[in-house]
Amino acid sequence: MRYVALGDSQTEGVGDGDDATGLRGWADRLAELAAGSNPGLRYANLAVRGRLAGQVRAEQLGPALALAPDLATVVAGVNDLLRPRFDADEVAGHLAAMFAALGAGGARVATLTFPDLTRLIPAARPVAPRITALNARIREAARAHGVTVLETAAHPVVTDPRLWSHDRLHASSLGHARIAAAFADALGLPGSDAGWSRPLPPPATGPATGLRAVGTELAWAAAFLGPWLGRRLRGRSSGDGRTAKRPELLPVTAPRTP
């Protein structure tokens, strides 16, 4: 089987490893899970951080089709959500075009809906209606093209802070493992189940309150929000100068430890 992943930073694996030691991410983990029942599976990851849905379509769809995948995952749109001129119909149009082309090429295609980021980032409340609108259009496009949809938004565990990295925009290693398990379940891979959706054990300490909570938010803003806004003002992207980490179909080994 040939599996090709298209998308942005989440699919690239940001939050699971680092640029020095290498990124793993949910797509790598999904490929490992799929290899368990598909010996000889080969996998390519074309995702690049910072890419908008239109850029994913323009830059990754052609190379993906050339690889003739049997399975393709397409996850994009979060970067669009955070832009001032967000248009849910435009984003969904790019996703639908990728769904159609990959499906016509013989691939089984899978995607996901996005969780409520405002539960992780209170300052993001203005984008809540955008998330709802985009998820609705993802579902519509997926139905039209026979795409498997991983519904994340319906499960409270997906906004557990322990599944997210310190920047609150990228999954942690544990989060990436859960996403991979969720896709495996949605795709019906042998040995998969709905265990990914179960809540984590209660945390040892409660959430920050009062001045401590304010300090936490200020520290997050200084470390992550400020640099992100700076890039936007300069017209820069975290993906500038970057290329896909795994542009060719390569063999996948058996699943590694979490």
# chains A, B, ... in the order shown; residues from 1 in each chain; ligands from 1

call {"tool": "closest_atom_pairs", "arguments": {"of": "stretch 46-123 of chain A", "to": "stretch 130-140 of chain A", "cutoff": "10 Å", "atoms": "only C-alpha atoms", "output": "Markdown table"}}
result
| residue | atom | partner | partner_atom | distance |
| --- | --- | --- | --- | --- |
| A:Gly77 | CA | A:Leu134 | CA | 8.0 |
| A:Val78 | CA | A:Ile131 | CA | 8.5 |
| A:Asp80 | CA | A:Arg130 | CA | 9.8 |
| A:Leu81 | CA | A:Arg130 | CA | 6.5 |
| A:Leu82 | CA | A:Arg130 | CA | 9.2 |
| A:Phe86 | CA | A:Arg130 | CA | 8.0 |
| A:Asp87 | CA | A:Arg130 | CA | 8.6 |
| A:Ala88 | CA | A:Leu134 | CA | 5.2 |
| A:Asp89 | CA | A:Arg137 | CA | 7.2 |
| A:Glu90 | CA | A:Leu134 | CA | 9.8 |
| A:Val91 | CA | A:Leu134 | CA | 7.8 |
| A:Ala92 | CA | A:Arg137 | CA | 5.9 |
| A:Gly93 | CA | A:Arg137 | CA | 8.8 |
| A:Leu95 | CA | A:Ile138 | CA | 7.6 |
| A:Ala96 | CA | A:Ile138 | CA | 8.0 |
| A:Thr111 | CA | A:Ile138 | CA | 8.4 |
| A:Leu112 | CA | A:Ile138 | CA | 8.0 |
| A:Thr113 | CA | A:Asn135 | CA | 5.3 |
| A:Phe114 | CA | A:Asn135 | CA | 6.6 |
| A:Pro115 | CA | A:Ile131 | CA | 7.8 |
| A:Asp116 | CA | A:Ile131 | CA | 7.1 |
| A:Leu117 | CA | A:Ile131 | CA | 8.3 |
| A:Thr118 | CA | A:Ile131 | CA | 9.8 |

call {"tool": "write_last_selection", "arguments": {"atoms": "N, CA and C atoms", "output": "compact mmCIF listing (two decimals), in the first residue's frame"}}
result
# COMPACT_ATOMS: atom_id res chain seq x y z
N GLY A 77 -6.35 24.06 6.81
CA GLY A 77 -7.38 25.04 7.09
C GLY A 77 -7.18 25.84 8.36
N VAL A 78 -6.40 25.30 9.32
CA VAL A 78 -6.20 26.04 10.57
C VAL A 78 -5.46 27.35 10.31
N ASP A 80 -5.59 29.13 7.72
CA ASP A 80 -6.56 30.04 7.10
C ASP A 80 -7.47 30.65 8.16
N LEU A 81 -7.87 29.85 9.15
CA LEU A 81 -8.76 30.32 10.21
C LEU A 81 -8.20 31.55 10.91
N LEU A 82 -6.89 31.63 11.00
CA LEU A 82 -6.24 32.68 11.77
C LEU A 82 -5.92 33.91 10.93
N PHE A 86 -10.37 35.35 6.26
CA PHE A 86 -10.79 33.96 6.18
C PHE A 86 -12.11 33.82 5.43
N ASP A 87 -12.17 32.84 4.53
CA ASP A 87 -13.39 32.55 3.76
C ASP A 87 -13.58 31.04 3.80
N ALA A 88 -14.56 30.57 4.58
CA ALA A 88 -14.78 29.14 4.75
C ALA A 88 -15.08 28.45 3.42
N ASP A 89 -15.84 29.11 2.55
CA ASP A 89 -16.16 28.51 1.26
C ASP A 89 -14.91 28.34 0.40
N GLU A 90 -14.04 29.34 0.44
CA GLU A 90 -12.80 29.25 -0.35
C GLU A 90 -11.92 28.10 0.15
N VAL A 91 -11.76 28.02 1.47
CA VAL A 91 -10.94 26.95 2.03
C VAL A 91 -11.53 25.59 1.69
N ALA A 92 -12.85 25.45 1.88
CA ALA A 92 -13.50 24.19 1.58
C ALA A 92 -13.39 23.84 0.10
N GLY A 93 -13.38 24.86 -0.76
CA GLY A 93 -13.21 24.62 -2.18
C GLY A 93 -11.87 23.98 -2.50
N LEU A 95 -10.08 22.19 -0.37
CA LEU A 95 -10.12 20.84 0.17
C LEU A 95 -10.92 19.91 -0.75
N ALA A 96 -12.06 20.39 -1.22
CA ALA A 96 -12.89 19.56 -2.10
C ALA A 96 -12.16 19.20 -3.38
N THR A 111 -9.88 12.81 6.18
CA THR A 111 -9.62 14.14 6.72
C THR A 111 -10.19 14.21 8.13
N LEU A 112 -10.18 15.40 8.73
CA LEU A 112 -10.75 15.54 10.07
C LEU A 112 -11.42 16.90 10.23
N THR A 113 -12.26 17.00 11.25
CA THR A 113 -12.80 18.28 11.67
C THR A 113 -11.97 18.79 12.83
N PHE A 114 -12.01 20.10 13.06
CA PHE A 114 -11.13 20.73 14.03
C PHE A 114 -11.83 20.95 15.38
N PRO A 115 -11.08 20.79 16.48
CA PRO A 115 -11.67 21.02 17.81
C PRO A 115 -11.84 22.50 18.09
N ASP A 116 -12.54 22.78 19.18
CA ASP A 116 -12.78 24.16 19.60
C ASP A 116 -11.52 24.71 20.26
N LEU A 117 -10.75 25.47 19.48
CA LEU A 117 -9.48 26.01 19.98
C LEU A 117 -9.67 27.00 21.12
N THR A 118 -10.87 27.55 21.25
CA THR A 118 -11.09 28.55 22.29
C THR A 118 -11.02 27.94 23.69

call {"tool": "closest_atom_pairs", "arguments": {"of": "stretch 69-137 of chain A", "to": "stretch 25-46 of chain A", "cutoff": "12 Å", "atoms": "only C-alpha atoms", "output": "tab-separated table"}}
result
residue	atom	partner	partner_atom	distance
A:Pro69	CA	A:Tyr43	CA	8.8
A:Asp70	CA	A:Leu41	CA	10.1
A:Leu71	CA	A:Tyr43	CA	9.5
A:Ala72	CA	A:Ala44	CA	9.7
A:Thr73	CA	A:Ala27	CA	8.3
A:Val74	CA	A:Leu46	CA	10.3
A:Val75	CA	A:Ala27	CA	10.4
A:Ala110	CA	A:Ala27	CA	11.6
A:Thr111	CA	A:Ala27	CA	11.6

call {"tool": "write_last_selection", "arguments": {"atoms": "N, CA, C and O atoms", "output": "compact mmCIF listing (two decimals), in the first residue's frame"}}
result
# COMPACT_ATOMS: atom_id res chain seq x y z
N PRO A 69 -1.17 7.28 -4.65
CA PRO A 69 -1.43 6.67 -3.34
C PRO A 69 -2.69 5.81 -3.32
O PRO A 69 -3.65 6.05 -4.05
N ASP A 70 -2.66 4.79 -2.46
CA ASP A 70 -3.85 4.02 -2.16
C ASP A 70 -4.62 4.67 -1.02
O ASP A 70 -5.84 4.53 -0.92
N LEU A 71 -3.90 5.37 -0.15
CA LEU A 71 -4.48 6.10 0.98
C LEU A 71 -3.86 7.49 1.01
O LEU A 71 -2.64 7.64 0.86
N ALA A 72 -4.70 8.49 1.21
CA ALA A 72 -4.20 9.87 1.35
C ALA A 72 -4.96 10.55 2.47
O ALA A 72 -6.17 10.38 2.61
N THR A 73 -4.23 11.30 3.29
CA THR A 73 -4.87 12.15 4.29
C THR A 73 -4.64 13.60 3.90
O THR A 73 -3.55 13.98 3.47
N VAL A 74 -5.69 14.40 4.04
CA VAL A 74 -5.64 15.82 3.72
C VAL A 74 -6.15 16.59 4.92
O VAL A 74 -7.33 16.50 5.26
N VAL A 75 -5.26 17.33 5.58
CA VAL A 75 -5.64 18.12 6.75
C VAL A 75 -5.07 19.52 6.58
O VAL A 75 -3.85 19.71 6.61
N ALA A 110 -8.93 10.53 3.60
CA ALA A 110 -9.43 10.80 4.95
C ALA A 110 -9.03 12.20 5.38
O ALA A 110 -7.98 12.72 4.98
N THR A 111 -9.88 12.81 6.18
CA THR A 111 -9.62 14.14 6.72
C THR A 111 -10.19 14.21 8.13
O THR A 111 -10.63 13.20 8.67

call {"tool": "select_by_dssp", "arguments": {"residues": "stretch 14-234 of chain A", "states": "strand (DSSP E)", "output": "list in words"}}
result
Gly17, Asp18, Gly22, Leu23, Arg42, Tyr43, Ala44, Asn45, Leu71, Ala72, Thr73, Val74, Val75, Arg108, Val109, Ala110, Thr111, Leu112, Thr148, Val149 and Leu150 of chain A

call {"tool": "closest_residue", "arguments": {"among": "A:Pro63, A:Gly146, A:Gly195, A:Gly54", "to": "A:Ala100", "atoms": "only C-alpha atoms"}}
result
A:Gly146

call {"tool": "closest_residue", "arguments": {"among": "A:Leu189, A:Leu120, A:Ala20, A:Met1", "to": "A:Ala68", "atoms": "only C-alpha atoms"}}
result
A:Met1

call {"tool": "closest_residue", "arguments": {"among": "A:Val4, A:Ala177, A:Ala66, A:Val56", "to": "A:Leu250", "atoms": "only C-alpha atoms"}}
result
A:Val4

call {"tool": "closest_residue", "arguments": {"among": "A:Val109, A:Lys245, A:Gly191, A:Pro251", "to": "A:Asp19", "atoms": "only C-alpha atoms"}}
result
A:Lys245

call {"tool": "residues_around", "arguments": {"residues": "A:Ser172", "least_positions_apart": "4", "cutoff": "8 Å", "atoms": "only C-alpha atoms", "output": "PyMOL selection string"}}
result
chain A and resi 15-16+162-165+176

call {"tool": "atom_distance", "arguments": {"atom1": "atom CA of A:Gly22", "atom2": "atom CA of A:Ser9"}}
result
13.4 Å

call {"tool": "residues_around", "arguments": {"residues": "A:Ser192", "least_positions_apart": "5", "cutoff": "8 Å", "atoms": "only C-alpha atoms", "output": "PyMOL selection string"}}
result
chain A and resi 181+184-185

call {"tool": "write_last_selection", "arguments": {"atoms": "C-alpha atoms", "output": "mmCIF file, in the first residue's frame"}}
result
data_model
loop_
_atom_site.group_PDB
_atom_site.id
_atom_site.type_symbol
_atom_site.label_atom_id
_atom_site.label_comp_id
_atom_site.auth_asym_id
_atom_site.auth_seq_id
_atom_site.Cartn_x
_atom_site.Cartn_y
_atom_site.Cartn_z
ATOM 1 C CA ALA A 181 -5.078 6.126 16.761
ATOM 2 C CA ALA A 184 -6.718 4.228 12.440
ATOM 3 C CA ASP A 185 -10.112 3.750 14.077
#
